[in-house]
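Single-structure report; data block below.
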Amino acid sequence: MCRLILARGRFSARAIADAAVAMSEGHTAQHEGPIRCHPNGWGALWKSPGSRHGLEAHRDTRTILEGLEDSPVPRLETDFLAIHVRHATLSHTRGLEYTHPLQRGEEGAVPWYFMHNGFLPTVHRLLGMERSHFDSREYFDYIIPSDTDALDTRAALERLRAIPPGGSSGNAIAVNPRRAYLLHWSPADTPYPRYFQMHRLATPDFVVLASEIIPALGPAERWEPVPREYILEVPLEGTGTGA
């Protein structure tokens, strides 16, 4: 049960980081969910031309409020930034190993990064596992084929619909060096539909996709809900907003 934010275009990294802090602390919460604060670590991913594969990640087991100023995030100059703030559903899935973005990519394979908001304790069955160890990692392995650099959105939606009942949401940000995706999906019986509703703000300079409406980034009437059962591709090559 987490909060997500993604920005593409010409934006202030400080403003996006402050928006993540506001969501993490419950300042912008306008939903029916019981969770307002997200204390179990945070992470960020951004375009960095000087880094291997052109992406760089930061992870911290502290809250974003505690750790933000020790990170490079507020001072970044980049045209793509995604941030995840976490409330761990299970007490044993805390620590750096469980802090998003999760990462995958053997030598020679396309690197992928993954941020998940929700709890999917049944997805392990579709991997042939007897029990779940960490649902977000299992979801990552299930929804992103290991040998691809692009999602087939129709196939991915079919895979989402095939997840056995018992979870809350599969909202996620998946990123490789060429493109990012927002996966917006929750089962019809999710107990907190407004908590898991994603929102989009588009301006001439940037696009923001976020778990909550952030008035500091744009007035509420300029935000629009992301459609249900929707996967949005955000190209990372070039300098446009791409979303």
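Chain labels A, B, ... are given in the sequence in which chains occur in the structure tokens; within each chain residues are numbered consecutively from 1, and ligands are likewise numbered from 1 in the order shown.
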
Would you kindly return, as a list in words, each protein, DNA or RNA residue with an atom no farther than 12 Å from any atom of Arg36 (chain A), considering only C-alpha atoms and excluding same-chain residues fewer than 5 positions away? Met1, Cys2, Arg3, Val21, Ala22, Met23, Ser24, Glu25, Gly26, His27, Thr28, Ala29, Gln30, His31, Val85, Arg86, His87, Tyr195 and Glu212 of chain A

Pick out the closest residue to Leu217 (chain A) from this set: A:Asp18, A:Gly170, A:Phe134, A:Phe196. Count only C-alpha atoms. A:Asp18

Name the residues of region 66-232 of chain A that fall into alpha helix (DSSP H) according to DSSP on the backbone, using the chain letters and numbers of this document, as a PyMOL selection string. chain A and resi 66-67+135-143+153-161

If you count only C-alpha atoms, which residues fall within 7 Å of region 205-211 of chain A, apart from same-chain ones fewer than 6 positions away, as a VMD selection string? chain A and resid 3 to 11 196 to 199 241 243

Distance CA of Thr148 (chain A)-CA of Trp112 (chain A), one decimal place? 9.5 Å

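Among the candidates A:Asp152, A:Asp135, A:Asp147, A:Glu224, the residue lying nearest to Ser168 (chain A) is A:Asp135 (atoms considered: only C-alpha atoms).
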
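Within the 8 Å cut-off around Tyr230 (chain A), using only C-alpha atoms and omitting residues fewer than 4 positions from it on the same chain, the listed residues are Leu157, Leu183, His184, Trp185 and Val226 of chain A.
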
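Of the residues under consideration (A:Leu182, A:Val123, A:Leu45, A:Ala13), A:Val123 shows the shortest atom-to-atom contact distance to Arg159 (chain A) when counting only C-alpha atoms.
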
According to DSSP computed on the backbone, where in region 78-225 of chain A is there strand (DSSP E)? Give the residues as a PyMOL selection string. chain A and resi 80-86+102-104+112-117+171-175+179-184+199-202+206-210+223-225

Generate the output file for the selected residues, N, CA and C atoms, as a CSV table (one decimal), in the first residue's frame.
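The new file selection.csv reads:
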```csv
chain,number,residue,atom,x,y,z
A,80,PHE,N,12.9,12.9,-16.7
A,80,PHE,CA,12.1,11.8,-16.3
A,80,PHE,C,12.4,11.4,-14.8
A,81,LEU,N,11.4,11.3,-14.0
A,81,LEU,CA,11.6,11.0,-12.6
A,81,LEU,C,10.4,10.3,-12.1
A,82,ALA,N,10.6,9.2,-11.4
A,82,ALA,CA,9.6,8.4,-10.7
A,82,ALA,C,10.0,8.2,-9.3
A,83,ILE,N,9.0,8.3,-8.4
A,83,ILE,CA,9.3,8.1,-6.9
A,83,ILE,C,8.2,7.2,-6.3
A,84,HIS,N,8.6,6.4,-5.4
A,84,HIS,CA,7.8,5.4,-4.7
A,84,HIS,C,8.0,5.6,-3.2
A,85,VAL,N,6.9,5.7,-2.5
A,85,VAL,CA,6.9,5.8,-1.0
A,85,VAL,C,6.1,4.6,-0.5
A,86,ARG,N,6.6,3.9,0.5
A,86,ARG,CA,6.1,2.6,0.8
A,86,ARG,C,5.5,2.5,2.2
A,102,LEU,N,12.3,-2.0,-7.5
A,102,LEU,CA,12.9,-3.3,-7.7
A,102,LEU,C,13.6,-3.3,-9.0
A,103,GLN,N,14.7,-4.1,-9.1
A,103,GLN,CA,15.5,-4.1,-10.4
A,103,GLN,C,15.7,-5.5,-10.9
A,104,ARG,N,15.8,-5.7,-12.2
A,104,ARG,CA,16.0,-7.0,-12.8
A,104,ARG,C,16.8,-6.8,-14.1
A,112,TRP,N,15.2,-3.8,-16.2
A,112,TRP,CA,13.9,-3.2,-15.9
A,112,TRP,C,13.9,-2.8,-14.4
A,113,TYR,N,13.1,-1.8,-14.2
A,113,TYR,CA,12.9,-1.3,-12.8
A,113,TYR,C,11.4,-1.3,-12.6
A,114,PHE,N,11.0,-1.5,-11.3
A,114,PHE,CA,9.6,-1.7,-11.1
A,114,PHE,C,9.2,-1.2,-9.7
A,115,MET,N,8.1,-0.4,-9.7
A,115,MET,CA,7.5,0.1,-8.5
A,115,MET,C,6.0,-0.3,-8.4
A,116,HIS,N,5.6,-0.8,-7.3
A,116,HIS,CA,4.2,-1.4,-7.2
A,116,HIS,C,3.5,-0.8,-6.0
A,117,ASN,N,2.2,-0.5,-6.2
A,117,ASN,CA,1.3,0.0,-5.2
A,117,ASN,C,0.2,-1.0,-5.1
A,171,ASN,N,-1.4,-1.6,-9.5
A,171,ASN,CA,-0.9,-0.3,-9.9
A,171,ASN,C,0.7,-0.4,-9.9
A,172,ALA,N,1.3,0.1,-11.0
A,172,ALA,CA,2.8,0.0,-11.0
A,172,ALA,C,3.3,0.9,-12.0
A,173,ILE,N,4.6,1.2,-11.8
A,173,ILE,CA,5.5,1.9,-12.8
A,173,ILE,C,6.6,0.9,-13.2
A,174,ALA,N,6.7,0.6,-14.5
A,174,ALA,CA,7.7,-0.3,-15.0
A,174,ALA,C,8.6,0.5,-16.0
A,175,VAL,N,9.9,0.4,-15.9
A,175,VAL,CA,10.8,1.3,-16.7
A,175,VAL,C,11.9,0.5,-17.2
A,179,ARG,N,11.7,3.1,-22.5
A,179,ARG,CA,10.3,3.5,-22.2
A,179,ARG,C,9.9,3.2,-20.8
A,180,ALA,N,8.9,3.9,-20.3
A,180,ALA,CA,8.2,3.6,-19.0
A,180,ALA,C,6.8,3.3,-19.2
A,181,TYR,N,6.2,2.6,-18.3
A,181,TYR,CA,4.8,2.3,-18.4
A,181,TYR,C,4.1,2.5,-17.0
A,182,LEU,N,2.9,3.1,-17.1
A,182,LEU,CA,2.1,3.1,-15.9
A,182,LEU,C,1.0,2.0,-16.1
A,183,LEU,N,1.0,1.1,-15.2
A,183,LEU,CA,0.0,0.0,-15.2
A,183,LEU,C,-1.1,0.4,-14.1
A,184,HIS,N,-2.3,0.7,-14.6
A,184,HIS,CA,-3.4,1.1,-13.7
A,184,HIS,C,-4.4,0.0,-13.7
A,199,HIS,N,-4.1,9.5,-11.1
A,199,HIS,CA,-4.5,10.8,-11.7
A,199,HIS,C,-3.4,11.3,-12.6
A,200,ARG,N,-3.8,12.1,-13.6
A,200,ARG,CA,-2.9,12.6,-14.6
A,200,ARG,C,-3.1,14.2,-14.7
A,201,LEU,N,-1.9,14.8,-14.7
A,201,LEU,CA,-1.9,16.3,-14.9
A,201,LEU,C,-1.0,16.6,-16.1
A,202,ALA,N,-1.5,17.2,-17.1
A,202,ALA,CA,-0.8,17.5,-18.3
A,202,ALA,C,-0.7,19.1,-18.5
A,206,PHE,N,5.1,19.6,-19.0
A,206,PHE,CA,5.3,18.3,-18.4
A,206,PHE,C,4.0,17.5,-18.2
A,207,VAL,N,4.1,16.2,-18.0
A,207,VAL,CA,3.0,15.4,-17.6
A,207,VAL,C,3.4,14.7,-16.2
A,208,VAL,N,2.4,14.7,-15.3
A,208,VAL,CA,2.6,14.0,-14.1
A,208,VAL,C,1.5,12.9,-13.9
A,209,LEU,N,1.9,11.8,-13.5
A,209,LEU,CA,1.0,10.7,-13.1
A,209,LEU,C,1.2,10.4,-11.7
A,210,ALA,N,0.1,10.4,-10.9
A,210,ALA,CA,0.3,10.3,-9.4
A,210,ALA,C,-0.8,9.6,-8.8
A,223,TRP,N,-6.5,18.1,-13.1
A,223,TRP,CA,-6.2,16.7,-13.0
A,223,TRP,C,-7.3,15.9,-13.6
A,224,GLU,N,-7.0,14.8,-14.2
A,224,GLU,CA,-8.0,13.9,-14.7
A,224,GLU,C,-7.7,12.5,-14.2
A,225,PRO,N,-8.8,11.7,-14.0
A,225,PRO,CA,-8.5,10.3,-13.5
A,225,PRO,C,-8.0,9.4,-14.7
```

Non-local contacts of region 63-70 of chain A (6 Å; only C-alpha atoms; under 6 positions in same chain excluded) as a PyMOL selection string: chain A and resi 39+41-42

Exercise: Leu160 (chain A) partners within 12 Å, only C-alpha atoms, chain neighbours under 4 positions left out, as a list in words: Leu120, Thr122, Val123, Leu126, Tyr139, Phe140, Tyr142, Ile143, Ile144, Thr153, Arg154, Ala155, Ala156, Pro164, Pro165, Gly167, Ser169, Gly170, Asn171, Ala172, Leu183, His184, Trp185, Ser186, Pro187, Ala188, Glu229, Tyr230 and Ile231 of chain A

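Shortest separation to Ile16 (chain A) among A:Ile163, A:Val110, A:Val73, A:Val234 occurs at residue A:Val73, atoms counted being only C-alpha atoms.
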